[in-house]
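J.: mmCIF, C-alpha atoms and all ligand atoms, file my_file-v7.cif:
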```cif
data_data
#
loop_
_atom_site.label_atom_id
_atom_site.label_comp_id
_atom_site.auth_asym_id
_atom_site.auth_seq_id
_atom_site.Cartn_x
_atom_site.Cartn_y
_atom_site.Cartn_z
CA MET L 80 0.00 0.00 0.00
CA ILE L 81 2.54 2.50 1.23
CA GLU L 82 4.66 2.43 -1.93
CA LYS L 83 1.67 3.30 -4.14
CA GLN L 84 1.89 6.61 -5.97
CA ILE L 85 -1.54 8.00 -5.09
CA VAL L 86 -2.70 11.11 -6.88
CA ILE L 87 -5.99 12.81 -6.09
CA ILE L 88 -7.38 15.60 -8.26
CA GLY L 89 -9.66 18.10 -6.53
CA ALA L 90 -9.27 19.40 -2.97
CA GLY L 91 -12.99 19.47 -2.19
CA PRO L 92 -14.72 17.42 0.52
CA ALA L 93 -14.66 14.18 -1.53
CA GLY L 94 -11.00 14.41 -2.55
CA LEU L 95 -9.83 15.49 0.88
CA MET L 96 -11.79 12.69 2.56
CA ALA L 97 -10.20 10.11 0.26
CA ALA L 98 -6.78 11.64 0.99
CA HIS L 99 -7.43 11.62 4.74
CA GLN L 100 -8.56 8.01 4.93
CA LEU L 101 -5.61 6.84 2.82
CA ALA L 102 -3.09 8.87 4.80
CA LEU L 103 -4.48 7.54 8.09
CA LYS L 104 -3.39 4.10 6.87
CA GLY L 105 0.10 5.30 6.05
CA ALA L 106 -0.23 6.04 2.34
CA LYS L 107 1.63 8.93 0.76
CA VAL L 108 -0.93 11.08 -1.03
CA HIS L 109 -0.54 14.00 -3.42
CA VAL L 110 -3.59 16.18 -4.05
CA TYR L 111 -3.69 18.53 -7.03
CA GLU L 112 -6.08 21.48 -7.02
CA GLN L 113 -6.59 24.15 -9.66
CA ASN L 114 -7.39 26.91 -7.17
CA LYS L 115 -4.92 28.66 -4.91
CA ALA L 116 -6.77 27.27 -1.89
CA ALA L 117 -8.68 24.14 -0.92
CA ALA L 118 -12.40 23.46 -0.70
CA ARG L 119 -13.85 26.79 -1.76
CA LYS L 120 -17.31 25.36 -2.33
CA PHE L 121 -17.20 23.77 1.13
CA LEU L 122 -16.65 27.27 2.52
CA VAL L 123 -19.47 28.68 0.39
CA ALA L 124 -21.77 25.93 1.70
CA GLY L 125 -20.91 27.18 5.17
CA LYS L 126 -22.27 30.65 4.53
CA GLY L 127 -25.94 29.77 4.81
CA GLY L 128 -25.55 27.53 7.89
CA PHE L 129 -22.84 24.91 7.86
CA ASN L 130 -24.77 21.66 8.00
CA LEU L 131 -22.19 18.96 7.57
CA THR L 132 -24.59 16.04 7.79
CA HIS L 133 -27.99 15.24 9.29
CA ASN L 134 -29.05 13.37 12.39
CA GLN L 135 -31.72 11.29 10.65
CA GLU L 136 -31.83 7.58 11.34
CA LEU L 137 -29.95 5.71 8.61
CA SER L 138 -32.85 3.91 6.91
CA SER L 139 -34.70 7.18 6.28
CA PHE L 140 -31.43 9.10 5.79
CA ASN L 141 -30.61 6.85 2.85
CA GLN L 142 -33.88 7.58 1.11
CA ASN L 143 -32.50 11.00 0.26
CA TYR L 144 -30.17 9.48 -2.33
CA ASP L 145 -31.27 8.39 -5.77
CA ALA L 146 -28.41 5.91 -6.33
CA ASP L 147 -27.98 2.54 -4.59
CA LEU L 148 -24.23 2.77 -4.64
CA VAL L 149 -24.25 6.06 -2.78
CA LYS L 150 -26.76 4.64 -0.28
CA GLU L 151 -24.31 1.79 0.35
CA ALA L 152 -21.41 4.20 0.71
CA VAL L 153 -23.40 6.29 3.19
CA GLN L 154 -24.24 3.16 5.14
CA GLU L 155 -20.52 2.34 5.42
CA PHE L 156 -19.46 5.83 6.45
CA ASP L 157 -22.61 7.24 7.96
CA ASN L 158 -23.60 10.44 9.75
CA GLN L 159 -22.38 9.17 13.13
CA LYS L 160 -18.99 8.36 11.59
CA VAL L 161 -18.85 11.87 10.17
CA VAL L 162 -19.53 13.27 13.63
CA ALA L 163 -16.80 11.02 15.11
CA TRP L 164 -14.39 12.05 12.35
CA LEU L 165 -15.09 15.74 13.05
CA CYS L 166 -14.55 15.08 16.75
CA ASP L 167 -11.14 13.55 15.90
CA LEU L 168 -10.35 16.80 14.06
CA GLY L 169 -11.21 18.65 17.26
CA VAL L 170 -14.49 19.99 15.82
CA SER L 171 -17.47 19.64 18.14
CA THR L 172 -20.95 19.45 16.65
CA TYR L 173 -24.57 19.85 17.68
CA VAL L 174 -27.90 18.77 16.25
CA GLY L 175 -30.07 21.72 15.24
CA SER L 176 -33.84 21.74 15.72
CA SER L 177 -34.33 20.52 12.13
CA GLY L 178 -32.02 17.55 12.72
CA LYS L 179 -29.19 19.13 10.72
CA ILE L 180 -25.74 18.66 12.26
CA PHE L 181 -23.63 21.82 12.59
CA PRO L 182 -20.22 22.58 14.06
CA THR L 183 -20.65 24.33 17.41
CA LYS L 184 -20.75 28.13 17.26
CA ASN L 185 -17.05 28.59 18.00
CA PHE L 186 -16.18 26.81 14.72
CA LYS L 187 -16.63 28.94 11.63
CA PRO L 188 -16.38 27.07 8.29
CA ILE L 189 -12.78 28.23 7.85
CA HIS L 190 -11.87 26.81 11.29
CA VAL L 191 -13.30 23.42 10.31
CA LEU L 192 -11.37 23.48 7.03
CA ASN L 193 -8.15 24.60 8.71
CA ALA L 194 -8.43 21.82 11.32
CA TRP L 195 -8.87 19.36 8.46
CA LEU L 196 -5.95 20.73 6.44
CA GLU L 197 -3.73 20.68 9.55
CA ALA L 198 -4.60 17.02 10.14
CA LEU L 199 -3.77 16.21 6.52
CA LYS L 200 -0.48 18.06 6.79
CA ARG L 201 0.47 16.13 9.92
CA LEU L 202 -0.21 12.90 8.01
CA GLY L 203 2.10 14.03 5.21
CA VAL L 204 -0.56 14.74 2.57
CA GLU L 205 0.82 17.23 0.07
CA ILE L 206 -1.60 19.60 -1.64
CA HIS L 207 -0.33 21.18 -4.83
CA TYR L 208 -2.30 24.29 -5.75
CA ASP L 209 -2.54 26.10 -9.09
CA SER L 210 -2.51 22.72 -10.81
CA VAL L 211 -5.14 22.26 -13.49
CA PHE L 212 -5.96 18.68 -14.46
CA THR L 213 -6.17 18.35 -18.23
CA ASP L 214 -5.98 14.61 -18.97
CA PHE L 215 -4.69 11.21 -17.91
CA ASP L 216 -3.48 7.99 -19.48
CA ASP L 217 -2.77 4.63 -17.89
CA SER L 218 0.24 5.80 -15.90
CA LYS L 219 0.36 9.59 -15.90
CA VAL L 220 -1.88 12.50 -15.14
CA TYR L 221 -1.41 15.73 -17.09
CA LEU L 222 -1.67 19.11 -15.42
CA LYS L 223 -1.22 22.75 -16.32
CA LYS L 224 0.87 24.54 -13.74
CA ASN L 225 1.72 28.21 -14.23
CA GLU L 226 1.39 27.89 -18.01
CA ASP L 227 3.64 24.78 -18.02
CA LEU L 228 2.27 21.39 -18.90
CA ILE L 229 3.53 18.76 -16.49
CA SER L 230 2.94 15.05 -16.17
CA VAL L 231 2.77 13.26 -12.85
CA PRO L 232 3.08 9.47 -12.66
CA TYR L 233 0.46 7.61 -10.67
CA SER L 234 -0.32 4.07 -9.71
CA THR L 235 -3.72 5.10 -8.31
CA LEU L 236 -5.68 8.13 -9.43
CA VAL L 237 -8.76 9.58 -7.74
CA LEU L 238 -10.83 12.15 -9.61
CA ALA L 239 -12.91 14.30 -7.26
CA LEU L 240 -13.57 17.26 -9.53
CA GLY L 241 -16.99 18.32 -8.28
CA GLY L 242 -20.23 19.19 -10.07
CA GLY L 243 -20.95 22.14 -12.32
CA SER L 244 -22.50 24.89 -10.21
CA TRP L 245 -20.75 27.93 -8.71
CA LYS L 246 -17.92 27.83 -11.24
CA LYS L 247 -16.09 30.58 -9.37
CA THR L 248 -15.35 28.04 -6.61
CA GLY L 249 -13.39 25.94 -9.12
CA SER L 250 -16.09 23.38 -9.93
CA ASP L 251 -16.11 24.31 -13.60
CA SER L 252 -17.02 20.84 -14.95
CA LYS L 253 -14.38 21.08 -17.67
CA TRP L 254 -13.58 17.45 -16.82
CA VAL L 255 -16.80 16.43 -18.59
CA GLU L 256 -15.24 16.93 -22.04
CA THR L 257 -11.98 15.24 -21.00
CA LEU L 258 -13.80 12.13 -19.80
CA LYS L 259 -16.24 12.11 -22.70
CA ALA L 260 -13.30 12.11 -25.11
CA LYS L 261 -12.30 8.81 -23.45
CA HIS L 262 -15.80 7.43 -24.13
CA ILE L 263 -16.67 7.44 -20.45
CA ALA L 264 -20.46 7.67 -20.08
CA ILE L 265 -21.50 10.99 -18.56
CA THR L 266 -25.08 11.91 -17.69
CA PRO L 267 -25.46 15.61 -18.59
CA LEU L 268 -25.07 17.94 -15.60
CA GLU L 269 -28.28 19.74 -14.75
CA SER L 270 -29.52 22.07 -12.02
CA ALA L 271 -30.29 20.38 -8.70
CA ASN L 272 -31.41 21.93 -5.43
CA SER L 273 -32.64 24.65 -7.70
CA GLY L 274 -35.38 27.22 -7.39
CA TYR L 275 -37.91 27.70 -10.15
CA THR L 276 -38.60 30.75 -12.24
CA THR L 277 -42.31 31.49 -12.07
CA LEU L 278 -44.69 33.83 -13.81
CA SER L 279 -44.29 37.43 -12.71
CA THR L 280 -47.57 37.20 -10.71
CA TYR L 281 -45.75 36.47 -7.45
CA HIS L 282 -43.02 39.09 -7.62
CA HIS L 283 -44.76 41.30 -5.08
CA LEU L 284 -44.34 38.48 -2.53
CA GLN L 285 -40.54 38.60 -2.82
CA GLY L 286 -38.83 37.72 0.47
CA GLN L 287 -42.00 36.29 2.04
CA TYR L 288 -42.16 32.74 3.43
CA LEU L 289 -44.84 30.08 3.39
CA LYS L 290 -44.16 27.77 6.34
CA ASN L 291 -45.45 24.21 6.77
CA ILE L 292 -46.91 23.99 3.30
CA LYS L 293 -46.98 20.87 1.15
CA LEU L 294 -45.64 21.31 -2.37
CA SER L 295 -46.63 18.70 -4.96
CA PHE L 296 -45.86 17.75 -8.48
CA GLU L 297 -48.11 14.96 -9.71
CA SER L 298 -47.84 12.18 -7.07
CA HIS L 299 -44.69 13.61 -5.45
CA SER L 300 -44.89 15.96 -2.51
CA LYS L 301 -42.80 17.48 0.26
CA VAL L 302 -43.74 19.48 3.33
CA GLY L 303 -41.54 22.42 4.31
CA GLU L 304 -40.87 26.11 3.91
CA LEU L 305 -41.05 27.95 0.60
CA VAL L 306 -39.78 31.45 -0.06
CA PHE L 307 -40.73 33.81 -2.89
CA THR L 308 -37.80 35.46 -4.63
CA LYS L 309 -37.46 38.10 -7.29
CA TYR L 310 -37.68 35.43 -9.98
CA GLY L 311 -39.85 32.75 -8.39
CA ILE L 312 -39.63 30.21 -5.57
CA GLU L 313 -36.90 28.56 -3.48
CA GLY L 314 -36.84 26.29 -0.45
CA SER L 315 -36.47 22.64 0.48
CA PRO L 316 -39.86 21.42 -0.85
CA VAL L 317 -39.05 23.27 -4.09
CA TYR L 318 -35.68 21.52 -4.39
CA ALA L 319 -37.32 18.17 -3.66
CA MET L 320 -39.45 18.51 -6.79
CA ASN L 321 -36.45 19.07 -9.09
CA ARG L 322 -35.74 15.46 -9.81
CA PHE L 323 -39.37 14.80 -10.82
CA THR L 324 -39.77 17.84 -13.05
CA ARG L 325 -36.34 17.82 -14.69
CA LYS L 326 -37.33 15.66 -17.64
CA GLN L 327 -40.76 17.27 -18.07
CA PRO L 328 -41.54 19.96 -20.61
CA PHE L 329 -41.82 23.42 -19.06
CA PRO L 330 -43.92 25.38 -18.24
CA LEU L 331 -45.51 23.04 -15.72
CA VAL L 332 -47.72 23.31 -12.71
CA LEU L 333 -46.85 22.70 -9.05
CA GLU L 334 -49.51 22.66 -6.36
CA ILE L 335 -49.25 24.18 -2.91
CA ASP L 336 -51.35 22.87 -0.06
CA LEU L 337 -51.51 25.90 2.22
CA LYS L 338 -53.23 23.99 5.02
CA PRO L 339 -52.00 20.37 5.03
CA SER L 340 -53.57 19.64 8.44
CA LEU L 341 -57.17 20.16 7.23
CA SER L 342 -59.17 18.55 4.43
CA GLN L 343 -60.91 20.66 1.80
CA GLU L 344 -64.25 19.75 3.41
CA GLU L 345 -63.09 20.99 6.82
CA ILE L 346 -61.88 24.22 5.25
CA LEU L 347 -65.15 24.66 3.39
CA GLU L 348 -67.06 24.12 6.62
CA GLN L 349 -65.23 27.03 8.26
CA LEU L 350 -65.79 29.29 5.26
CA LYS L 351 -69.53 28.58 5.07
CA GLY L 352 -71.66 31.44 6.29
CA ALA L 353 -68.71 33.83 6.59
CA THR L 354 -69.65 37.41 5.88
CA LYS L 355 -66.02 38.33 5.32
CA ILE L 356 -63.42 35.91 3.94
CA SER L 357 -60.14 37.33 5.25
CA PRO L 358 -60.91 37.05 9.01
CA VAL L 359 -61.79 33.35 8.57
CA LEU L 360 -58.59 32.75 6.65
CA LYS L 361 -56.58 34.57 9.28
CA ARG L 362 -58.18 33.65 12.58
CA GLY L 363 -60.23 30.55 11.76
CA LEU L 364 -57.82 28.74 9.45
CA LYS L 365 -54.74 30.51 10.86
CA LEU L 366 -53.26 31.10 7.42
CA SER L 367 -50.24 33.41 7.33
CA THR L 368 -50.37 36.86 5.75
CA THR L 369 -48.23 35.52 2.90
CA ALA L 370 -50.66 32.66 2.27
CA ILE L 371 -53.55 35.11 2.26
CA ASN L 372 -51.68 37.45 -0.07
CA LEU L 373 -51.04 34.52 -2.36
CA LEU L 374 -54.75 33.63 -2.37
CA LYS L 375 -55.50 37.25 -3.22
CA THR L 376 -53.67 36.76 -6.52
CA LEU L 377 -56.74 34.72 -7.56
CA ASP L 378 -59.29 36.69 -9.52
CA LYS L 379 -61.91 38.30 -7.30
CA GLU L 380 -64.65 35.88 -8.29
CA SER L 381 -62.55 32.82 -7.33
CA TYR L 382 -61.46 34.42 -4.06
CA LEU L 383 -65.06 35.13 -3.06
CA ASP L 384 -66.41 31.75 -4.11
CA ILE L 385 -65.85 29.49 -1.10
CA ASP L 386 -65.81 26.25 -3.13
CA THR L 387 -63.10 27.57 -5.41
CA LEU L 388 -61.27 29.20 -2.52
CA SER L 389 -61.21 26.05 -0.38
CA LYS L 390 -59.92 24.12 -3.38
CA SER L 391 -57.22 26.75 -3.92
CA ILE L 392 -56.17 26.55 -0.28
CA LYS L 393 -55.56 22.83 -0.73
CA ARG L 394 -54.24 22.96 -4.30
CA PHE L 395 -52.98 26.42 -5.16
CA THR L 396 -51.53 26.07 -8.63
CA ILE L 397 -48.27 27.78 -9.39
CA GLU L 398 -46.95 27.77 -12.93
CA VAL L 399 -43.20 27.37 -13.19
CA LEU L 400 -41.28 28.29 -16.30
CA SER L 401 -37.86 26.71 -15.72
CA LEU L 402 -35.24 25.54 -13.26
CA ARG L 403 -32.65 28.19 -12.40
CA PRO L 404 -29.39 28.47 -14.40
CA ILE L 405 -26.85 25.81 -13.48
CA ASP L 406 -24.19 28.22 -12.22
CA GLU L 407 -26.34 29.64 -9.44
CA VAL L 408 -27.80 26.44 -8.00
CA ILE L 409 -26.54 24.52 -4.97
CA SER L 410 -25.60 21.33 -6.78
CA THR L 411 -25.86 19.51 -10.06
CA SER L 412 -27.41 16.19 -10.99
CA GLY L 413 -25.70 14.01 -13.57
CA GLY L 414 -22.02 13.21 -13.85
CA VAL L 415 -20.03 10.04 -14.37
CA ALA L 416 -22.69 7.38 -15.03
CA PHE L 417 -22.81 4.31 -12.80
CA GLN L 418 -22.58 2.10 -15.87
CA ALA L 419 -19.03 3.46 -16.27
CA LEU L 420 -18.11 2.59 -12.67
CA SER L 421 -17.54 -0.55 -10.64
CA ASP L 422 -19.11 -0.91 -7.19
CA ASN L 423 -15.91 0.58 -5.82
CA LEU L 424 -16.32 3.68 -8.01
CA GLU L 425 -13.39 2.60 -10.20
CA LEU L 426 -13.75 3.58 -13.84
CA LYS L 427 -14.42 0.51 -15.97
CA GLY L 428 -11.68 0.17 -18.58
CA PHE L 429 -9.35 2.47 -16.59
CA ALA L 430 -7.73 0.33 -13.91
CA ASN L 431 -6.89 2.18 -10.68
CA VAL L 432 -8.77 5.34 -11.65
CA TYR L 433 -11.61 6.18 -9.25
CA CYS L 434 -14.27 8.90 -9.05
CA ALA L 435 -15.81 10.39 -5.91
CA GLY L 436 -18.14 13.17 -4.83
CA GLU L 437 -20.55 15.32 -6.77
CA MET L 438 -18.96 14.49 -10.14
CA VAL L 439 -20.65 11.08 -9.96
CA ASP L 440 -24.25 10.75 -11.19
CA TRP L 441 -26.26 11.00 -7.97
CA GLU L 442 -28.26 13.70 -6.30
CA ALA L 443 -29.55 14.50 -2.85
CA PRO L 444 -31.23 17.42 -1.10
CA THR L 445 -29.33 20.05 0.84
CA GLY L 446 -29.42 19.73 4.58
CA GLY L 447 -26.12 17.89 4.93
CA TYR L 448 -26.95 15.06 2.53
CA LEU L 449 -24.73 16.39 -0.25
CA LEU L 450 -21.66 16.74 1.92
CA GLN L 451 -22.39 13.38 3.55
CA GLY L 452 -22.56 11.80 0.08
CA CYS L 453 -19.23 13.39 -0.85
CA PHE L 454 -17.56 12.28 2.40
CA SER L 455 -18.94 8.76 2.04
CA THR L 456 -17.95 8.27 -1.61
CA GLY L 457 -14.47 9.65 -0.79
CA TYR L 458 -14.29 7.14 2.06
CA ARG L 459 -15.47 4.27 -0.15
CA VAL L 460 -12.83 4.97 -2.78
CA ALA L 461 -10.12 5.10 -0.09
CA GLN L 462 -11.24 1.73 1.31
CA ALA L 463 -11.21 0.20 -2.18
CA ILE L 464 -7.68 1.47 -2.77
CA LEU L 465 -6.52 0.19 0.62
CA GLU L 466 -7.95 -3.24 -0.14
CA SER L 467 -6.59 -3.45 -3.70
C1 LIG N 501 -24.31 27.82 -2.14
C2 LIG N 501 -24.09 26.37 -1.77
C3 LIG N 501 -24.64 25.89 -0.59
C4 LIG N 501 -24.47 24.56 -0.25
N1 LIG N 501 -25.03 24.11 0.90
C5 LIG N 501 -24.88 22.81 1.25
C6 LIG N 501 -25.47 22.33 2.43
O1 LIG N 501 -26.10 23.07 3.16
N2 LIG N 501 -25.31 21.03 2.74
C7 LIG N 501 -24.62 20.17 1.94
O2 LIG N 501 -24.52 18.99 2.26
N3 LIG N 501 -24.03 20.59 0.81
C8 LIG N 501 -24.16 21.89 0.45
N4 LIG N 501 -23.59 22.35 -0.71
C9 LIG N 501 -22.99 21.37 -1.64
C10 LIG N 501 -21.59 20.93 -1.29
O3 LIG N 501 -20.79 22.04 -0.97
C11 LIG N 501 -21.02 20.18 -2.50
O4 LIG N 501 -21.89 19.11 -2.83
C12 LIG N 501 -19.63 19.63 -2.22
O5 LIG N 501 -18.74 20.69 -1.97
C13 LIG N 501 -19.12 18.79 -3.39
O6 LIG N 501 -17.89 18.25 -3.00
P1 LIG N 501 -16.88 17.65 -4.06
O7 LIG N 501 -15.63 17.36 -3.32
O8 LIG N 501 -17.52 16.57 -4.82
O9 LIG N 501 -16.65 18.83 -5.10
P2 LIG N 501 -16.19 20.35 -4.90
O10 LIG N 501 -16.44 20.82 -3.54
O11 LIG N 501 -16.83 21.07 -6.02
O12 LIG N 501 -14.63 20.27 -5.10
C14 LIG N 501 -14.05 19.93 -6.34
C15 LIG N 501 -12.66 20.53 -6.40
O13 LIG N 501 -12.05 20.11 -7.61
C16 LIG N 501 -11.36 21.21 -8.15
N5 LIG N 501 -11.23 21.03 -9.60
C17 LIG N 501 -12.23 21.02 -10.52
N6 LIG N 501 -11.71 20.87 -11.74
C18 LIG N 501 -10.38 20.79 -11.61
C19 LIG N 501 -9.30 20.63 -12.53
N7 LIG N 501 -9.50 20.53 -13.85
N8 LIG N 501 -8.04 20.57 -12.05
C20 LIG N 501 -7.80 20.66 -10.70
N9 LIG N 501 -8.77 20.83 -9.79
C21 LIG N 501 -10.06 20.90 -10.23
C22 LIG N 501 -12.20 22.41 -7.80
O14 LIG N 501 -11.45 23.60 -7.84
C23 LIG N 501 -12.67 22.05 -6.41
O15 LIG N 501 -11.79 22.53 -5.41
C24 LIG N 501 -23.72 23.68 -1.08
C25 LIG N 501 -23.14 24.19 -2.25
C26 LIG N 501 -23.33 25.52 -2.60
C27 LIG N 501 -22.72 26.04 -3.87
#
```
Re-express the file's structure as structure tokens.
T.:
Amino acid sequence: MIEKQIVIIGAGPAGLMAAHQLALKGAKVHVYEQNKAAARKFLVAGKGGFNLTHNQELSSFNQNYDADLVKEAVQEFDNQKVVAWLCDLGVSTYVGSSGKIFPTKNFKPIHVLNAWLEALKRLGVEIHYDSVFTDFDDSKVYLKKNEDLISVPYSTLVLALGGGSWKKTGSDSKWVETLKAKHIAITPLESANSGYTTLSTYHHLQGQYLKNIKLSFESHSKVGELVFTKYGIEGSPVYAMNRFTRKQPFPLVLEIDLKPSLSQEEILEQLKGATKISPVLKRGLKLSTTAINLLKTLDKESYLDIDTLSKSIKRFTIEVLSLRPIDEVISTSGGVAFQALSDNLELKGFANVYCAGEMVDWEAPTGGYLLQGCFSTGYRVAQAILES
């Protein structure tokens, strides 16, 4: 093991986890990264609340992934192992009210990353920055370094090049063309954990939240919080619909249940005999001001007709025009197809070349599941290399 020449491309969570697990077993690891610093997207993820994994019980945790291989990887290196690994780095964590697992308040994202990089340094992992991966063959990887083209020999190569969103963090997905040229099957990268652009009708609700609503597309639904933005809607139930709408022709219709706890009949019962609608909506049905404002976008006749109104409370239709552009979304679906990979995430036809992290064709919601998937696939690749 120790004499292997292990090269990892990409200093994001997946690549660094593979490096860490290998180095813990005594391997000498070289990581090459095109940026001047490691894990920029990891730091970006930390800006909106740094949820590193989730506290959900494993059987339901795993349902967040659309790929069996990633489910297996997460089972091997699960959320509790992530917490233990963070603890070994000296990073304490807590479970937030939503079940998300965060570092304790004294650890900013940069502190977590620095603790990780320090641990890697102590284990002898060398990270080479400003090194742009351009290609590989069966024994060498080719990189651009300060305008020079260099080749680095490898006996084991791990590609952990990330997805295609937030290009400014380094995840520019240029690897797609390199791998395609080698006839490696790639599922096109598309927006995931993405908001939707809607008709302009809702623009006046910008910045307002709908809490505890149920969003549905056909038979798929998700309860959670939705926010109106200048272009449309965002939020976890919105992101959950992405994978079901992605292959559908736009525009399409989503439905919002503004009062999931009551049936349409129960709502209708409360509206019957009301002289004024708004007080019943507000005090009887306890709908939020945002929900009421949304209902007021109905034409007057529909708003005043209690049959139509009760139906709209349960199934408010919202027409969406498109997913958001790939560069601004949280993650991408698609990537190296599983048909091109062995169970150990080794590229078929390319012995000792592995893929890990978001560049592989799986998707998951935000809330810690993406990072967990990256950690776990990085871990799985390291175990496969250690056992080979
Ligand atoms: C705004 C935002 C919020 C997020 N919030 C969350 C969240 O709350 N919870 C969660 O779980 N996840 C979240 N994520 C997602 C999470 O950060 C990513 O899924 C994760 O960082 C992917 O890890 P990775 O190692 O696969 O790839 P990346 O983190 O993208 O790392 C890939 C690395 O490879 C390098 N690279 C790419 N091409 C080359 C090349 N040709 N040569 C050399 N190096 C190269 C890149 O520079 C980069 O450093 C968020 C992401 C964003 C953008």
J.: Counting only C-alpha atoms, what is within 10 Å of L:Ser300, bar same-chain residues fewer than 5 positions away, as a list in words?
T.: Lys293, Leu294, Ser295, Pro316, Val317, Ala319, Met320, Leu333, Glu334, Ile335 and Asp336 of chain L
J.: List all protein, DNA and RNA residues that have at least one atom no more than 7 Å from any atom of ligand LIG 501 (chain N), counting only C-alpha atoms and all ligand atoms, and write them as an mmCIF file with C-alpha atoms, in the coordinates of the input.
T.:
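Final output, part_8.cif:
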```
data_model
loop_
_atom_site.group_PDB
_atom_site.id
_atom_site.type_symbol
_atom_site.label_atom_id
_atom_site.label_comp_id
_atom_site.auth_asym_id
_atom_site.auth_seq_id
_atom_site.Cartn_x
_atom_site.Cartn_y
_atom_site.Cartn_z
ATOM 1 C CA ILE L 88 -7.380 15.600 -8.260
ATOM 2 C CA GLY L 89 -9.660 18.100 -6.530
ATOM 3 C CA ALA L 90 -9.270 19.400 -2.970
ATOM 4 C CA GLY L 91 -12.990 19.470 -2.190
ATOM 5 C CA PRO L 92 -14.720 17.420 0.520
ATOM 6 C CA ALA L 93 -14.660 14.180 -1.530
ATOM 7 C CA GLY L 94 -11.000 14.410 -2.550
ATOM 8 C CA TYR L 111 -3.690 18.530 -7.030
ATOM 9 C CA GLU L 112 -6.080 21.480 -7.020
ATOM 10 C CA GLN L 113 -6.590 24.150 -9.660
ATOM 11 C CA ASN L 114 -7.390 26.910 -7.170
ATOM 12 C CA ALA L 117 -8.680 24.140 -0.920
ATOM 13 C CA ALA L 118 -12.400 23.460 -0.700
ATOM 14 C CA ARG L 119 -13.850 26.790 -1.760
ATOM 15 C CA LYS L 120 -17.310 25.360 -2.330
ATOM 16 C CA PHE L 121 -17.200 23.770 1.130
ATOM 17 C CA VAL L 123 -19.470 28.680 0.390
ATOM 18 C CA ALA L 124 -21.770 25.930 1.700
ATOM 19 C CA GLY L 125 -20.910 27.180 5.170
ATOM 20 C CA GLY L 127 -25.940 29.770 4.810
ATOM 21 C CA GLY L 128 -25.550 27.530 7.890
ATOM 22 C CA PHE L 129 -22.840 24.910 7.860
ATOM 23 C CA ASN L 130 -24.770 21.660 8.000
ATOM 24 C CA LEU L 131 -22.190 18.960 7.570
ATOM 25 C CA THR L 132 -24.590 16.040 7.790
ATOM 26 C CA SER L 210 -2.510 22.720 -10.810
ATOM 27 C CA VAL L 211 -5.140 22.260 -13.490
ATOM 28 C CA PHE L 212 -5.960 18.680 -14.460
ATOM 29 C CA THR L 213 -6.170 18.350 -18.230
ATOM 30 C CA ALA L 239 -12.910 14.300 -7.260
ATOM 31 C CA LEU L 240 -13.570 17.260 -9.530
ATOM 32 C CA GLY L 241 -16.990 18.320 -8.280
ATOM 33 C CA GLY L 242 -20.230 19.190 -10.070
ATOM 34 C CA SER L 244 -22.500 24.890 -10.210
ATOM 35 C CA TRP L 245 -20.750 27.930 -8.710
ATOM 36 C CA THR L 248 -15.350 28.040 -6.610
ATOM 37 C CA GLY L 249 -13.390 25.940 -9.120
ATOM 38 C CA SER L 250 -16.090 23.380 -9.930
ATOM 39 C CA ASP L 251 -16.110 24.310 -13.600
ATOM 40 C CA SER L 252 -17.020 20.840 -14.950
ATOM 41 C CA LYS L 253 -14.380 21.080 -17.670
ATOM 42 C CA TRP L 254 -13.580 17.450 -16.820
ATOM 43 C CA VAL L 408 -27.800 26.440 -8.000
ATOM 44 C CA ILE L 409 -26.540 24.520 -4.970
ATOM 45 C CA SER L 410 -25.600 21.330 -6.780
ATOM 46 C CA ALA L 435 -15.810 10.390 -5.910
ATOM 47 C CA GLY L 436 -18.140 13.170 -4.830
ATOM 48 C CA GLU L 437 -20.550 15.320 -6.770
ATOM 49 C CA MET L 438 -18.960 14.490 -10.140
ATOM 50 C CA THR L 445 -29.330 20.050 0.840
ATOM 51 C CA GLY L 446 -29.420 19.730 4.580
ATOM 52 C CA GLY L 447 -26.120 17.890 4.930
ATOM 53 C CA TYR L 448 -26.950 15.060 2.530
ATOM 54 C CA LEU L 449 -24.730 16.390 -0.250
ATOM 55 C CA LEU L 450 -21.660 16.740 1.920
ATOM 56 C CA GLN L 451 -22.390 13.380 3.550
ATOM 57 C CA CYS L 453 -19.230 13.390 -0.850
#
```
J.: What are the nearest atom pairs, with distances in Å to one decimal, for all residues of stretch 262-283 of chain L that come at most 12 Å from stretch 376-395 of chain L, using only C-alpha atoms, set out by chain and rising residue number as a Markdown table?
T.:
```
| residue | atom | partner | partner_atom | distance |
| --- | --- | --- | --- | --- |
| L:Leu278 | CA | L:Thr376 | CA | 11.9 |
| L:Ser279 | CA | L:Thr376 | CA | 11.3 |
| L:Thr280 | CA | L:Thr376 | CA | 7.4 |
| L:Tyr281 | CA | L:Thr376 | CA | 8.0 |
| L:His282 | CA | L:Thr376 | CA | 11.0 |
| L:His283 | CA | L:Thr376 | CA | 10.1 |
```
J.: I need every residue sitting at most 12 Å from the point (-38.2, 14.7, -9.2) (coordinates as in the file, all atoms listed in the file considered), written as an MDAnalysis selection string.
T.: chainID L and resid 143:145 270:273 295:301 316:327 333 402 412 442:444
J.: Please return as a ChimeraX atom specification every residue within 12 Å of (-33.8, 19.8, 11.4), taking into account only C-alpha atoms and the file's own coordinates.
T.: /L:128,130,132-135,173-181,303,315,445-447
J.: State, in Å with one decimal place, the distance from atom CA of L:Gln84 to atom CA of L:Ala260.
T.: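 It comes out at 25.0 Å.
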J.: Taking 3 positions as the minimum chain separation for residues in the same chain, which residues sit within 9 Å of stretch 351-365 of chain L when counting only C-alpha atoms? Answer as a ChimeraX atom specification.
T.: /L:338,341,346-348,368,371,382-383,385
